[in-house]
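> The file below is upload18.txt, compact mmCIF, C-alpha atoms and all ligand atoms:
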# COMPACT_ATOMS: atom_id res chain seq x y z
CA MET R 1 0.00 0.00 0.00
CA HIS R 2 1.23 3.53 -0.79
CA ILE R 3 1.00 5.66 2.32
CA GLU R 4 -0.15 8.58 0.12
CA SER R 5 -3.50 6.80 -0.36
CA PHE R 6 -3.94 5.98 3.35
CA ASP R 7 -7.57 6.26 4.49
CA LEU R 8 -8.24 6.36 8.24
CA TYR R 9 -11.83 5.26 7.63
CA ASN R 10 -10.69 2.22 5.65
CA PRO R 11 -7.26 1.37 7.01
CA PRO R 12 -5.25 -1.63 5.78
CA SER R 13 -6.24 -4.99 7.27
CA ASP R 14 -3.03 -5.20 9.33
CA PHE R 15 -3.45 -1.66 10.73
CA VAL R 16 -4.30 -2.40 14.37
CA ASN R 17 -1.25 -4.64 14.78
CA ASN R 18 1.03 -2.09 13.13
CA VAL R 19 -0.42 1.30 14.06
CA TYR R 20 2.91 2.87 14.95
CA LYS R 21 4.50 1.72 11.70
CA TYR R 22 1.70 3.39 9.71
CA TYR R 23 1.71 6.58 11.75
CA ASN R 24 5.52 6.80 11.47
CA LEU R 25 5.22 6.41 7.72
CA LEU R 26 2.57 9.11 7.54
CA ARG R 27 4.71 11.47 9.62
CA GLU R 28 7.73 10.86 7.38
CA LYS R 29 6.02 10.87 3.98
CA SER R 30 2.75 12.73 4.39
CA PRO R 31 2.71 14.66 7.68
CA ILE R 32 -0.33 16.75 6.75
CA HIS R 33 -2.20 13.97 5.07
CA LYS R 34 -5.45 14.54 3.22
CA ASN R 35 -7.84 11.71 3.95
CA PRO R 36 -10.11 10.79 1.02
CA ASP R 37 -13.12 12.43 2.80
CA GLY R 38 -11.34 15.83 2.88
CA SER R 39 -10.29 15.76 6.53
CA TYR R 40 -6.59 15.92 7.45
CA ILE R 41 -4.46 13.52 9.48
CA LEU R 42 -1.73 15.21 11.52
CA THR R 43 1.14 13.15 12.93
CA THR R 44 3.92 15.59 13.90
CA TYR R 45 4.37 16.89 17.43
CA LYS R 46 4.63 20.47 16.20
CA ASP R 47 1.37 20.33 14.24
CA LEU R 48 -0.54 18.78 17.12
CA ILE R 49 0.51 21.38 19.67
CA GLY R 50 -0.26 24.12 17.15
CA VAL R 51 -3.87 22.90 16.92
CA TYR R 52 -4.31 22.16 20.64
CA ARG R 53 -3.17 25.66 21.57
CA ASN R 54 -5.25 27.52 19.03
CA PHE R 55 -8.68 26.71 20.47
CA LYS R 56 -10.26 29.89 19.07
CA ILE R 57 -9.77 28.57 15.54
CA TRP R 58 -9.71 24.82 16.18
CA SER R 59 -13.04 23.99 17.80
CA SER R 60 -13.91 20.92 19.86
CA ASN R 61 -17.63 21.41 19.22
CA LYS R 62 -18.76 18.34 17.32
CA LYS R 63 -22.36 19.29 16.47
CA THR R 64 -21.73 19.20 12.72
CA GLU R 65 -19.87 15.86 12.62
CA PHE R 66 -22.10 14.22 15.20
CA GLY R 67 -25.28 15.51 13.56
CA ALA R 68 -24.28 13.65 10.42
CA LYS R 69 -23.17 10.58 12.35
CA PHE R 70 -25.74 10.27 15.14
CA GLY R 71 -28.75 12.18 13.75
CA THR R 72 -31.07 13.18 16.59
CA SER R 73 -30.30 10.04 18.60
CA PRO R 74 -29.47 10.14 22.34
CA LEU R 75 -25.82 9.67 21.36
CA PHE R 76 -25.95 13.11 19.77
CA GLU R 77 -27.23 14.71 22.96
CA HIS R 78 -24.59 12.95 25.03
CA HIS R 79 -21.54 13.54 22.91
CA THR R 80 -22.39 17.18 22.20
CA THR R 81 -23.00 18.00 25.88
CA SER R 82 -19.88 16.33 27.32
CA LEU R 83 -17.26 18.79 28.53
CA VAL R 84 -14.69 17.51 26.09
CA PHE R 85 -16.83 18.39 23.07
CA VAL R 86 -17.87 21.95 23.94
CA ASP R 87 -16.10 25.27 23.35
CA PRO R 88 -15.87 28.36 25.59
CA PRO R 89 -17.82 29.96 27.16
CA ASP R 90 -19.74 26.75 28.07
CA HIS R 91 -16.48 24.85 28.36
CA THR R 92 -15.02 27.42 30.78
CA ARG R 93 -18.13 27.29 32.98
CA ILE R 94 -18.29 23.48 33.19
CA ARG R 95 -14.52 22.98 33.46
CA LYS R 96 -14.45 25.26 36.51
CA ILE R 97 -16.86 22.91 38.28
CA PHE R 98 -14.69 19.91 37.39
CA GLN R 99 -11.66 21.71 38.72
CA GLN R 100 -13.30 22.20 42.10
CA ALA R 101 -14.01 18.48 42.16
CA PHE R 102 -10.56 17.33 41.00
CA THR R 103 -8.25 19.33 43.25
CA PRO R 104 -4.90 17.65 44.03
CA LYS R 105 -6.12 17.46 47.66
CA SER R 106 -9.34 15.61 46.83
CA ILE R 107 -7.39 13.19 44.62
CA LEU R 108 -4.76 12.56 47.28
CA CYS R 109 -7.56 11.63 49.68
CA LEU R 110 -8.30 8.70 47.37
CA GLU R 111 -4.83 7.16 47.78
CA LYS R 112 -5.85 5.06 50.78
CA ASP R 113 -8.94 3.73 48.98
CA ILE R 114 -6.92 2.94 45.84
CA SER R 115 -4.25 1.12 47.85
CA LYS R 116 -6.92 -0.92 49.62
CA LEU R 117 -8.51 -1.91 46.33
CA VAL R 118 -5.14 -2.88 44.79
CA ASP R 119 -4.16 -4.91 47.86
CA GLY R 120 -7.43 -6.82 47.57
CA TYR R 121 -6.80 -7.72 43.91
CA ILE R 122 -3.23 -8.74 44.74
CA VAL R 123 -4.39 -11.21 47.41
CA MET R 124 -6.56 -12.80 44.73
CA MET R 125 -3.62 -12.81 42.26
CA HIS R 126 -1.42 -14.68 44.76
CA GLU R 127 -4.14 -17.31 45.07
CA LYS R 128 -4.99 -17.68 41.39
CA LYS R 129 -1.44 -17.47 39.95
CA LYS R 130 -2.78 -17.63 36.35
CA PHE R 131 -5.55 -15.26 35.23
CA ASP R 132 -6.66 -12.54 32.83
CA PHE R 133 -5.01 -9.31 34.02
CA VAL R 134 -7.63 -7.15 32.27
CA SER R 135 -10.73 -8.54 33.93
CA ASP R 136 -9.05 -9.21 37.30
CA PHE R 137 -7.06 -6.01 37.66
CA SER R 138 -6.77 -3.31 35.02
CA PHE R 139 -10.50 -3.05 34.40
CA ARG R 140 -11.49 -3.40 38.03
CA LEU R 141 -9.35 -0.67 39.55
CA PRO R 142 -10.41 2.36 37.46
CA VAL R 143 -14.07 1.32 37.48
CA ASP R 144 -14.04 0.79 41.23
CA VAL R 145 -12.32 4.15 41.72
CA VAL R 146 -14.48 6.24 39.42
CA CYS R 147 -17.70 4.52 40.57
CA GLY R 148 -16.59 5.16 44.16
CA ILE R 149 -16.13 8.85 43.36
CA LEU R 150 -19.61 9.01 41.90
CA GLY R 151 -21.15 6.77 44.53
CA ILE R 152 -22.19 3.95 42.16
CA PRO R 153 -22.79 0.72 44.14
CA SER R 154 -20.35 -2.10 43.36
CA GLU R 155 -23.07 -4.52 42.24
CA ASP R 156 -23.94 -2.16 39.35
CA ARG R 157 -20.42 -1.72 38.01
CA HIS R 158 -20.76 -4.30 35.24
CA LEU R 159 -23.56 -2.11 33.81
CA ILE R 160 -21.19 0.86 33.65
CA ARG R 161 -18.60 -1.10 31.69
CA ASP R 162 -21.14 -2.25 29.14
CA TRP R 163 -22.71 1.19 28.67
CA ALA R 164 -19.33 2.92 28.50
CA HIS R 165 -18.08 0.50 25.90
CA LYS R 166 -21.12 1.10 23.71
CA ILE R 167 -21.14 4.88 24.10
CA LEU R 168 -17.41 5.28 23.47
CA GLY R 169 -17.45 2.60 20.77
CA ALA R 170 -19.73 4.91 18.79
CA LEU R 171 -16.82 7.39 18.53
CA GLU R 172 -14.80 5.07 16.28
CA PRO R 173 -14.29 6.63 12.84
CA LYS R 174 -16.67 4.12 11.21
CA LEU R 175 -20.06 3.38 12.77
CA THR R 176 -22.44 0.49 12.01
CA SER R 177 -26.21 0.81 12.55
CA LYS R 178 -25.90 -1.82 15.30
CA GLN R 179 -23.33 0.37 17.12
CA LEU R 180 -25.60 3.39 16.71
CA ASP R 181 -28.59 1.54 18.18
CA GLU R 182 -26.63 0.00 21.03
CA GLY R 183 -24.89 3.30 21.85
CA SER R 184 -28.22 5.18 21.93
CA PHE R 185 -29.86 2.56 24.09
CA ALA R 186 -26.90 2.73 26.46
CA VAL R 187 -27.22 6.54 26.80
CA VAL R 188 -30.96 6.26 27.62
CA ASN R 189 -30.37 3.56 30.25
CA PHE R 190 -27.33 5.29 31.72
CA LYS R 191 -29.22 8.59 32.05
CA GLN R 192 -32.16 6.96 33.79
CA TYR R 193 -29.83 5.07 36.09
CA LEU R 194 -28.02 8.26 37.10
CA LYS R 195 -31.28 10.17 37.59
CA ASP R 196 -32.30 7.55 40.15
CA GLN R 197 -28.89 7.66 41.83
CA ILE R 198 -28.88 11.46 42.05
CA LYS R 199 -32.45 11.55 43.37
CA PHE R 200 -31.43 9.10 46.07
CA ARG R 201 -28.37 11.17 46.98
CA LYS R 202 -30.35 14.40 47.15
CA THR R 203 -32.58 12.86 49.77
CA HIS R 204 -29.66 11.28 51.69
CA LYS R 205 -27.39 14.21 52.41
CA ASP R 206 -25.07 12.16 54.64
CA ILE R 207 -24.11 9.98 51.63
CA ASN R 208 -23.35 13.10 49.63
CA LYS R 209 -20.59 14.00 52.05
CA ALA R 210 -18.85 10.71 51.43
CA ASN R 211 -18.77 11.31 47.67
CA GLU R 212 -17.29 14.72 47.34
CA ILE R 213 -17.01 14.90 43.58
CA LEU R 214 -20.61 13.87 42.95
CA SER R 215 -21.76 16.32 45.64
CA ILE R 216 -19.97 19.19 43.93
CA LEU R 217 -21.62 18.34 40.63
CA ILE R 218 -25.05 17.94 42.23
CA GLU R 219 -24.70 21.23 44.09
CA ALA R 220 -23.89 22.98 40.82
CA GLU R 221 -27.14 21.76 39.24
CA GLY R 222 -29.62 24.53 38.74
CA LEU R 223 -26.88 27.13 39.32
CA GLU R 224 -24.03 26.55 36.89
CA LEU R 225 -25.28 23.27 35.39
CA SER R 226 -28.61 22.21 33.86
CA GLU R 227 -29.97 18.73 34.72
CA THR R 228 -29.08 17.46 31.24
CA GLU R 229 -25.55 18.80 31.61
CA LEU R 230 -25.19 17.22 35.04
CA LEU R 231 -26.25 13.80 33.78
CA HIS R 232 -24.03 13.90 30.72
CA GLN R 233 -20.98 15.12 32.66
CA CYS R 234 -21.44 12.20 35.07
CA ILE R 235 -21.75 9.74 32.18
CA PHE R 236 -18.74 11.29 30.51
CA MET R 237 -16.64 11.11 33.65
CA LEU R 238 -17.56 7.49 34.25
CA ASN R 239 -16.59 6.70 30.68
CA ALA R 240 -13.52 8.92 30.41
CA GLY R 241 -12.26 7.81 33.78
CA HIS R 242 -12.13 4.11 33.26
CA GLU R 243 -11.47 2.90 29.68
CA THR R 244 -8.40 5.10 29.42
CA SER R 245 -6.95 4.13 32.79
CA THR R 246 -7.72 0.45 32.18
CA ASN R 247 -5.70 0.56 28.98
CA MET R 248 -2.88 2.49 30.63
CA LEU R 249 -2.59 -0.31 33.21
CA SER R 250 -2.86 -3.17 30.67
CA HIS R 251 -0.38 -1.63 28.24
CA GLY R 252 1.90 -0.60 31.07
CA LEU R 253 2.21 -4.11 32.39
CA ASN R 254 2.53 -5.50 28.88
CA GLU R 255 5.44 -3.16 28.08
CA LEU R 256 7.17 -3.82 31.40
CA VAL R 257 6.89 -7.57 30.88
CA ASP R 258 8.01 -7.22 27.29
CA HIS R 259 11.05 -5.12 28.35
CA ARG R 260 12.32 -7.27 31.18
CA ASP R 261 15.30 -5.01 31.92
CA GLN R 262 12.88 -2.12 32.56
CA TYR R 263 10.70 -4.29 34.81
CA LYS R 264 13.77 -5.25 36.87
CA LEU R 265 14.96 -1.64 36.96
CA LEU R 266 11.63 -0.39 38.30
CA GLN R 267 11.56 -3.21 40.81
CA LYS R 268 15.04 -2.27 42.03
CA GLU R 269 14.44 1.49 41.94
CA PRO R 270 10.76 2.21 42.67
CA SER R 271 11.58 5.91 42.88
CA ARG R 272 11.59 5.81 39.06
CA ILE R 273 7.84 5.32 39.02
CA ASP R 274 6.89 8.82 37.82
CA THR R 275 9.06 8.75 34.70
CA ALA R 276 8.01 5.13 34.11
CA ILE R 277 4.33 6.13 34.05
CA ASP R 278 5.00 8.91 31.56
CA GLU R 279 6.93 6.54 29.33
CA ILE R 280 4.08 4.00 29.40
CA LEU R 281 1.68 6.78 28.41
CA ARG R 282 3.97 8.07 25.66
CA PHE R 283 4.66 4.64 24.23
CA GLN R 284 1.07 3.36 24.23
CA PRO R 285 -1.35 6.31 24.42
CA PRO R 286 -4.74 4.93 25.54
CA ILE R 287 -6.45 7.61 23.44
CA GLN R 288 -4.68 7.62 20.10
CA ILE R 289 -6.61 10.35 18.28
CA ASN R 290 -8.18 13.70 19.17
CA ASN R 291 -10.19 15.78 16.72
CA ARG R 292 -10.81 19.45 15.97
CA ARG R 293 -12.63 21.45 13.30
CA CYS R 294 -11.62 24.92 12.13
CA LEU R 295 -14.01 27.83 12.52
CA GLU R 296 -12.37 29.87 9.76
CA LYS R 297 -9.96 29.27 6.92
CA THR R 298 -6.50 28.72 8.29
CA MET R 299 -3.01 27.41 7.55
CA LEU R 300 -2.04 23.83 8.26
CA GLY R 301 1.71 23.86 7.66
CA ASP R 302 1.91 25.51 4.23
CA ILE R 303 -1.60 24.45 3.17
CA MET R 304 -4.53 26.87 3.43
CA VAL R 305 -7.59 24.86 4.50
CA PRO R 306 -11.18 26.14 4.30
CA GLU R 307 -13.51 26.83 7.24
CA GLY R 308 -15.07 23.62 8.51
CA THR R 309 -12.02 21.42 7.85
CA SER R 310 -11.63 18.56 10.32
CA VAL R 311 -8.35 17.26 11.62
CA HIS R 312 -7.44 13.93 13.20
CA MET R 313 -4.66 14.65 15.67
CA ILE R 314 -2.69 11.44 15.95
CA ILE R 315 -1.29 11.40 19.49
CA ALA R 316 0.18 7.98 18.74
CA GLY R 317 2.19 9.61 15.93
CA ALA R 318 3.29 12.77 17.75
CA ASN R 319 4.46 10.75 20.76
CA ARG R 320 7.00 9.02 18.53
CA ASP R 321 8.12 12.07 16.61
CA PRO R 322 11.95 11.97 16.54
CA SER R 323 12.13 15.77 16.43
CA GLN R 324 10.70 15.79 19.97
CA PHE R 325 11.79 12.45 21.45
CA SER R 326 15.23 10.93 21.00
CA GLU R 327 15.08 7.27 19.98
CA PRO R 328 11.29 7.31 20.11
CA GLU R 329 10.94 3.58 19.43
CA THR R 330 12.87 2.76 22.60
CA PHE R 331 10.82 2.13 25.72
CA ASP R 332 12.86 3.88 28.40
CA ILE R 333 11.36 4.33 31.85
CA LEU R 334 14.01 6.93 32.73
CA ARG R 335 13.13 9.20 29.81
CA SER R 336 13.17 12.84 30.90
CA PRO R 337 11.93 15.27 29.79
CA ASN R 338 8.95 13.43 28.36
CA ARG R 339 6.33 15.91 27.16
CA HIS R 340 4.04 13.33 25.59
CA LEU R 341 0.57 14.34 24.44
CA SER R 342 -1.36 11.39 25.87
CA PHE R 343 -3.43 13.69 28.09
CA GLY R 344 -3.90 16.23 25.31
CA LEU R 345 -2.89 19.88 25.77
CA GLY R 346 -4.46 23.34 26.10
CA ILE R 347 -7.88 24.14 27.51
CA HIS R 348 -9.17 20.56 27.15
CA ILE R 349 -6.17 18.90 28.76
CA CYS R 350 -7.37 15.87 30.70
CA ALA R 351 -9.08 16.82 33.97
CA GLY R 352 -8.26 13.40 35.45
CA ILE R 353 -4.45 13.49 35.07
CA ASN R 354 -3.71 13.37 38.79
CA LEU R 355 -6.18 10.57 39.35
CA ALA R 356 -4.86 8.49 36.43
CA ARG R 357 -1.27 8.96 37.61
CA LEU R 358 -2.17 8.03 41.17
CA GLU R 359 -3.90 4.83 40.02
CA ALA R 360 -0.87 3.89 37.92
CA LYS R 361 1.57 4.68 40.71
CA VAL R 362 -0.18 2.60 43.34
CA ALA R 363 -0.86 -0.24 40.88
CA PHE R 364 2.64 -0.64 39.43
CA LEU R 365 4.50 -0.15 42.72
CA ARG R 366 2.32 -2.78 44.40
CA LEU R 367 2.65 -5.21 41.47
CA MET R 368 6.45 -4.82 41.29
CA SER R 369 6.88 -5.31 45.02
CA SER R 370 4.45 -8.25 45.24
CA PHE R 371 5.66 -10.42 42.38
CA ARG R 372 9.21 -11.42 41.56
CA GLU R 373 8.11 -12.09 38.01
CA ILE R 374 5.08 -11.69 35.82
CA ASN R 375 4.95 -13.59 32.55
CA LEU R 376 2.55 -13.56 29.65
CA LEU R 377 0.89 -16.88 28.94
CA LYS R 378 0.02 -15.80 25.41
CA LYS R 379 0.15 -12.71 23.23
CA PRO R 380 -2.37 -10.11 24.51
CA ASN R 381 -5.49 -9.68 22.47
CA VAL R 382 -5.60 -6.10 21.08
CA ALA R 383 -9.09 -4.87 20.11
CA ASN R 384 -9.87 -3.84 16.56
CA ARG R 385 -10.32 -0.17 17.45
CA ILE R 386 -8.53 2.93 16.24
CA ARG R 387 -9.35 5.76 18.65
CA PHE R 388 -8.89 3.78 21.85
CA ARG R 389 -5.95 1.39 22.10
CA GLU R 390 -7.53 -1.43 24.02
CA ILE R 391 -6.13 -4.73 25.25
CA LYS R 392 -9.14 -7.03 25.52
CA GLU R 393 -7.47 -9.93 27.23
CA MET R 394 -4.06 -10.56 28.75
CA GLN R 395 -3.44 -13.97 30.30
CA ILE R 396 -0.56 -13.83 32.76
CA GLU R 397 1.20 -15.95 35.36
CA VAL R 398 2.68 -14.43 38.52
CA SER R 399 5.54 -15.74 40.69
CA SER R 400 5.70 -14.51 44.27
CA PHE R 401 8.98 -13.68 46.06
C1 LIG A 1 -4.57 7.25 31.44
C2 LIG A 1 -5.77 7.76 31.59
C3 LIG A 1 -6.32 8.89 30.80
C4 LIG A 1 -5.97 9.36 29.56
C5 LIG A 1 -4.88 8.82 28.63
C6 LIG A 1 -6.83 10.48 29.26
C7 LIG A 1 -6.75 11.23 28.09
C8 LIG A 1 -7.48 12.38 27.85
C9 LIG A 1 -7.32 13.24 26.70
C10 LIG A 1 -6.35 13.01 25.55
C11 LIG A 1 -8.18 14.29 26.84
C12 LIG A 1 -8.29 15.50 25.91
C13 LIG A 1 -9.31 15.34 24.82
C14 LIG A 1 -9.30 16.50 23.82
O1 LIG A 1 -8.55 17.46 23.95
O2 LIG A 1 -10.08 16.43 22.85
C15 LIG A 1 -8.92 14.07 28.07
C16 LIG A 1 -9.91 14.89 28.56
C17 LIG A 1 -10.60 14.63 29.71
N1 LIG A 1 -10.40 13.61 30.63
FE1 LIG A 1 -8.97 12.21 30.53
N2 LIG A 1 -7.68 10.67 30.32
C18 LIG A 1 -7.41 9.73 31.27
C19 LIG A 1 -8.03 9.57 32.50
C20 LIG A 1 -9.04 10.34 32.96
C21 LIG A 1 -9.70 10.19 34.24
C22 LIG A 1 -9.31 9.14 35.28
C23 LIG A 1 -10.69 11.12 34.30
C24 LIG A 1 -11.69 11.42 35.38
C25 LIG A 1 -12.20 10.57 36.21
C26 LIG A 1 -10.63 11.89 33.07
C27 LIG A 1 -11.44 12.95 32.77
C28 LIG A 1 -11.29 13.76 31.65
C29 LIG A 1 -12.12 14.92 31.41
C30 LIG A 1 -13.25 15.44 32.31
C31 LIG A 1 -11.69 15.46 30.19
C32 LIG A 1 -12.27 16.66 29.46
C33 LIG A 1 -11.49 17.90 29.79
C34 LIG A 1 -11.96 19.12 29.01
O3 LIG A 1 -12.53 18.99 27.93
O4 LIG A 1 -11.73 20.22 29.52
N3 LIG A 1 -9.63 11.39 32.28
N4 LIG A 1 -8.45 12.91 28.68
What would you get if you wrote out this structure as structure tokens?

Amino acid sequence: MHIESFDLYNPPSDFVNNVYKYYNLLREKSPIHKNPDGSYILTTYKDLIGVYRNFKIWSSNKKTEFGAKFGTSPLFEHHTTSLVFVDPPDHTRIRKIFQQAFTPKSILCLEKDISKLVDGYIVMMHEKKKFDFVSDFSFRLPVDVVCGILGIPSEDRHLIRDWAHKILGALEPKLTSKQLDEGSFAVVNFKQYLKDQIKFRKTHKDINKANEILSILIEAEGLELSETELLHQCIFMLNAGHETSTNMLSHGLNELVDHRDQYKLLQKEPSRIDTAIDEILRFQPPIQINNRRCLEKTMLGDIMVPEGTSVHMIIAGANRDPSQFSEPETFDILRSPNRHLSFGLGIHICAGINLARLEAKVAFLRLMSSFREINLLKKPNVANRIRFREIKEMQIEVSSF
């Protein structure tokens, strides 16, 4: 295949197993690549930060794209109300509420809860010895944490995973009518579920106190947030806060196991954890693509593009741009500086950075100190998705000290 004819909506059949090879080729041969539908694919670090920073021209509002994709379905309402897909001034108003909820102090308070959860999974891992790391660890931790924050009872957490998968699955570049129906159904059910939860919390003020983040959002309803906005921000946070972190944990362990010297190094020098987490995020960004649309004609490199042009910002490409990262194909847990774009940049930069980092820190430090070795029993099963880099299953065997 000639990279010049690359089409993100119809990628080659071996794409998912070779994403970095294709994105590297695009960056080298066609860095501002015109997709057959007229949108552009950007893969250089410089081009991505240029778009992220220029939010007045490069809009996150997806009403046009999602109108065409989702029609008037509940998916449209959800994805066009979520914080990540709105522009200022609405974005500024809603983001401020999130910031009150996600202060470093409120996140730090979660450390004890996260450690307790991880210790519980590790007891089970010692007993089982062989198991699927995704279902027994990397999925459980972020869902338990984010559901805890929003006060969702543990017996309902399987519902959240299913709904989240269907709602986020609808964001893949190509959408089937089955995905559209399932995604819409999931939004309706999720909304109703949250309405009931919020009603319950409003009448049980003592529970509110235990779930600070949900309380802040509920208190903002009617003042800075409408009911629809409140429900969709909760759905968005439940979705945004678990798929991404799950994949960070799965890929992180996979890379550490695959690069045994780095596993041993982290085990010997746990103080390297912060740079290790950044390298995991750089090397395998859980969200591989962000999108923007220009509100007026503008320059992309030396190309003038018309108003309404959409861009696919390939984080997975920029994170391996050799003009920003030396030896980008090397997985190096000591890499510093490491200004990867896995959390985005600019006004929409991830609101959950501190939480995601805390989850990774507790998880990897506990895993490294609990198990002398962790081995893969077979090659992990990577999902056929483009936007989210998901490991579906990862069978491992652990050896205790
Ligand atoms: C490793 C885990 C995570 C990754 C890789 C990640 C990645 C991202 C990225 C790339 C964006 C920017 C999207 C854009 O600019 O279009 C974003 C936004 C966001 N993320 Fe995360 N995220 C993670 C975890 C979390 C967690 C744990 C939460 C909360 C529980 C969260 C909440 C949010 C929110 C609220 C936004 C929207 C911010 C805004 O639009 O102002 N994320 N995330």
> Just give me the gap between atom CA of Thr80 of chain R and atom CA of Ser59 of chain R in Å, one decimal is fine.
12.4 Å
> Do you have the atom C17 of ligand LIG 1 (chain A)-atom CA of Thr244 of chain R distance handy?
9.8 Å
> Determine the axis-aligned bounding box of all atoms of ligand LIG 1 (chain A) present in the file, pad each side by 8 Å, and express its centre and edge lengths in Å to one decimal place as lines of an AutoDock Vina configuration file.

center_x = -8.9
center_y = 13.7
center_z = 29.5
size_x = 24.7
size_y = 29.0
size_z = 29.4
> Restrict the calculation to only C-alpha atoms and all ligand atoms, then for each residue of chain R with any atom at most 6 Å from an atom of ligand LIG 1 (chain A) give the closest atom pair and their distance in Å to one decimal, rows by chain and rising residue number, as JSON lines.

{"residue": "R:Leu83", "atom": "CA", "partner": "A:LIG1", "partner_atom": "O3", "distance": 4.8}
{"residue": "R:Val84", "atom": "CA", "partner": "A:LIG1", "partner_atom": "O3", "distance": 3.2}
{"residue": "R:Arg95", "atom": "CA", "partner": "A:LIG1", "partner_atom": "O4", "distance": 5.6}
{"residue": "R:Val146", "atom": "CA", "partner": "A:LIG1", "partner_atom": "C25", "distance": 5.9}
{"residue": "R:Met237", "atom": "CA", "partner": "A:LIG1", "partner_atom": "C25", "distance": 5.2}
{"residue": "R:Ala240", "atom": "CA", "partner": "A:LIG1", "partner_atom": "C26", "distance": 4.9}
{"residue": "R:Gly241", "atom": "CA", "partner": "A:LIG1", "partner_atom": "C21", "distance": 3.5}
{"residue": "R:Thr244", "atom": "CA", "partner": "A:LIG1", "partner_atom": "C2", "distance": 4.3}
{"residue": "R:Ser245", "atom": "CA", "partner": "A:LIG1", "partner_atom": "C2", "distance": 4.0}
{"residue": "R:Met248", "atom": "CA", "partner": "A:LIG1", "partner_atom": "C1", "distance": 5.1}
{"residue": "R:Pro286", "atom": "CA", "partner": "A:LIG1", "partner_atom": "C5", "distance": 5.0}
{"residue": "R:Ile287", "atom": "CA", "partner": "A:LIG1", "partner_atom": "C5", "distance": 5.6}
{"residue": "R:Asn290", "atom": "CA", "partner": "A:LIG1", "partner_atom": "O2", "distance": 5.0}
{"residue": "R:Ser342", "atom": "CA", "partner": "A:LIG1", "partner_atom": "C5", "distance": 5.2}
{"residue": "R:Phe343", "atom": "CA", "partner": "A:LIG1", "partner_atom": "C10", "distance": 3.9}
{"residue": "R:Gly344", "atom": "CA", "partner": "A:LIG1", "partner_atom": "C10", "distance": 4.1}
{"residue": "R:Ile347", "atom": "CA", "partner": "A:LIG1", "partner_atom": "O4", "distance": 5.9}
{"residue": "R:His348", "atom": "CA", "partner": "A:LIG1", "partner_atom": "O4", "distance": 3.5}
{"residue": "R:Ile349", "atom": "CA", "partner": "A:LIG1", "partner_atom": "C12", "distance": 4.9}
{"residue": "R:Cys350", "atom": "CA", "partner": "A:LIG1", "partner_atom": "C16", "distance": 3.5}
{"residue": "R:Ala351", "atom": "CA", "partner": "A:LIG1", "partner_atom": "C29", "distance": 4.4}
{"residue": "R:Gly352", "atom": "CA", "partner": "A:LIG1", "partner_atom": "C23", "distance": 3.5}
{"residue": "R:Ile353", "atom": "CA", "partner": "A:LIG1", "partner_atom": "C19", "distance": 5.9}
{"residue": "R:Leu355", "atom": "CA", "partner": "A:LIG1", "partner_atom": "C22", "distance": 5.3}
{"residue": "R:Ala356", "atom": "CA", "partner": "A:LIG1", "partner_atom": "C22", "distance": 4.6}
> My list of candidates is R:Met124, R:Ile41, R:Ala68, R:Ile149. Which is closest to Phe102 of chain R when distances are computed with all atoms listed in the file?
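Once distances to Phe102 of chain R are computed over all atoms listed in the file, the minimum belongs to R:Ile149.
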> Nearest to Asn189 of chain R: which of R:Leu256, R:Leu168, R:Leu26, R:Leu231 is it, counting all atoms listed in the file?
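Checking each of R:Leu256, R:Leu168, R:Leu26, R:Leu231 against Asn189 of chain R, counting all atoms listed in the file, the winner is R:Leu231.
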> So how many Å separate atom CA of Arg272 of chain R and atom CA of Asn354 of chain R, to one decimal?
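Distance between the two atoms: 17.1 Å.
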> From the options R:Gln267, R:Ser336, R:Thr92, R:Thr330, which residue's atoms come nearest to Ile374 of chain R, counting only C-alpha atoms?
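When distances to Ile374 of chain R are compared using only C-alpha atoms, the smallest one comes from R:Gln267.
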> Given all atoms listed in the file as the basis, pick out the residue of R:Asp278, R:Val257, R:Met394, R:Ile213 nearest to Lys105 of chain R.
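Of R:Asp278, R:Val257, R:Met394, R:Ile213, the one nearest Lys105 of chain R is R:Ile213, counting all atoms listed in the file.
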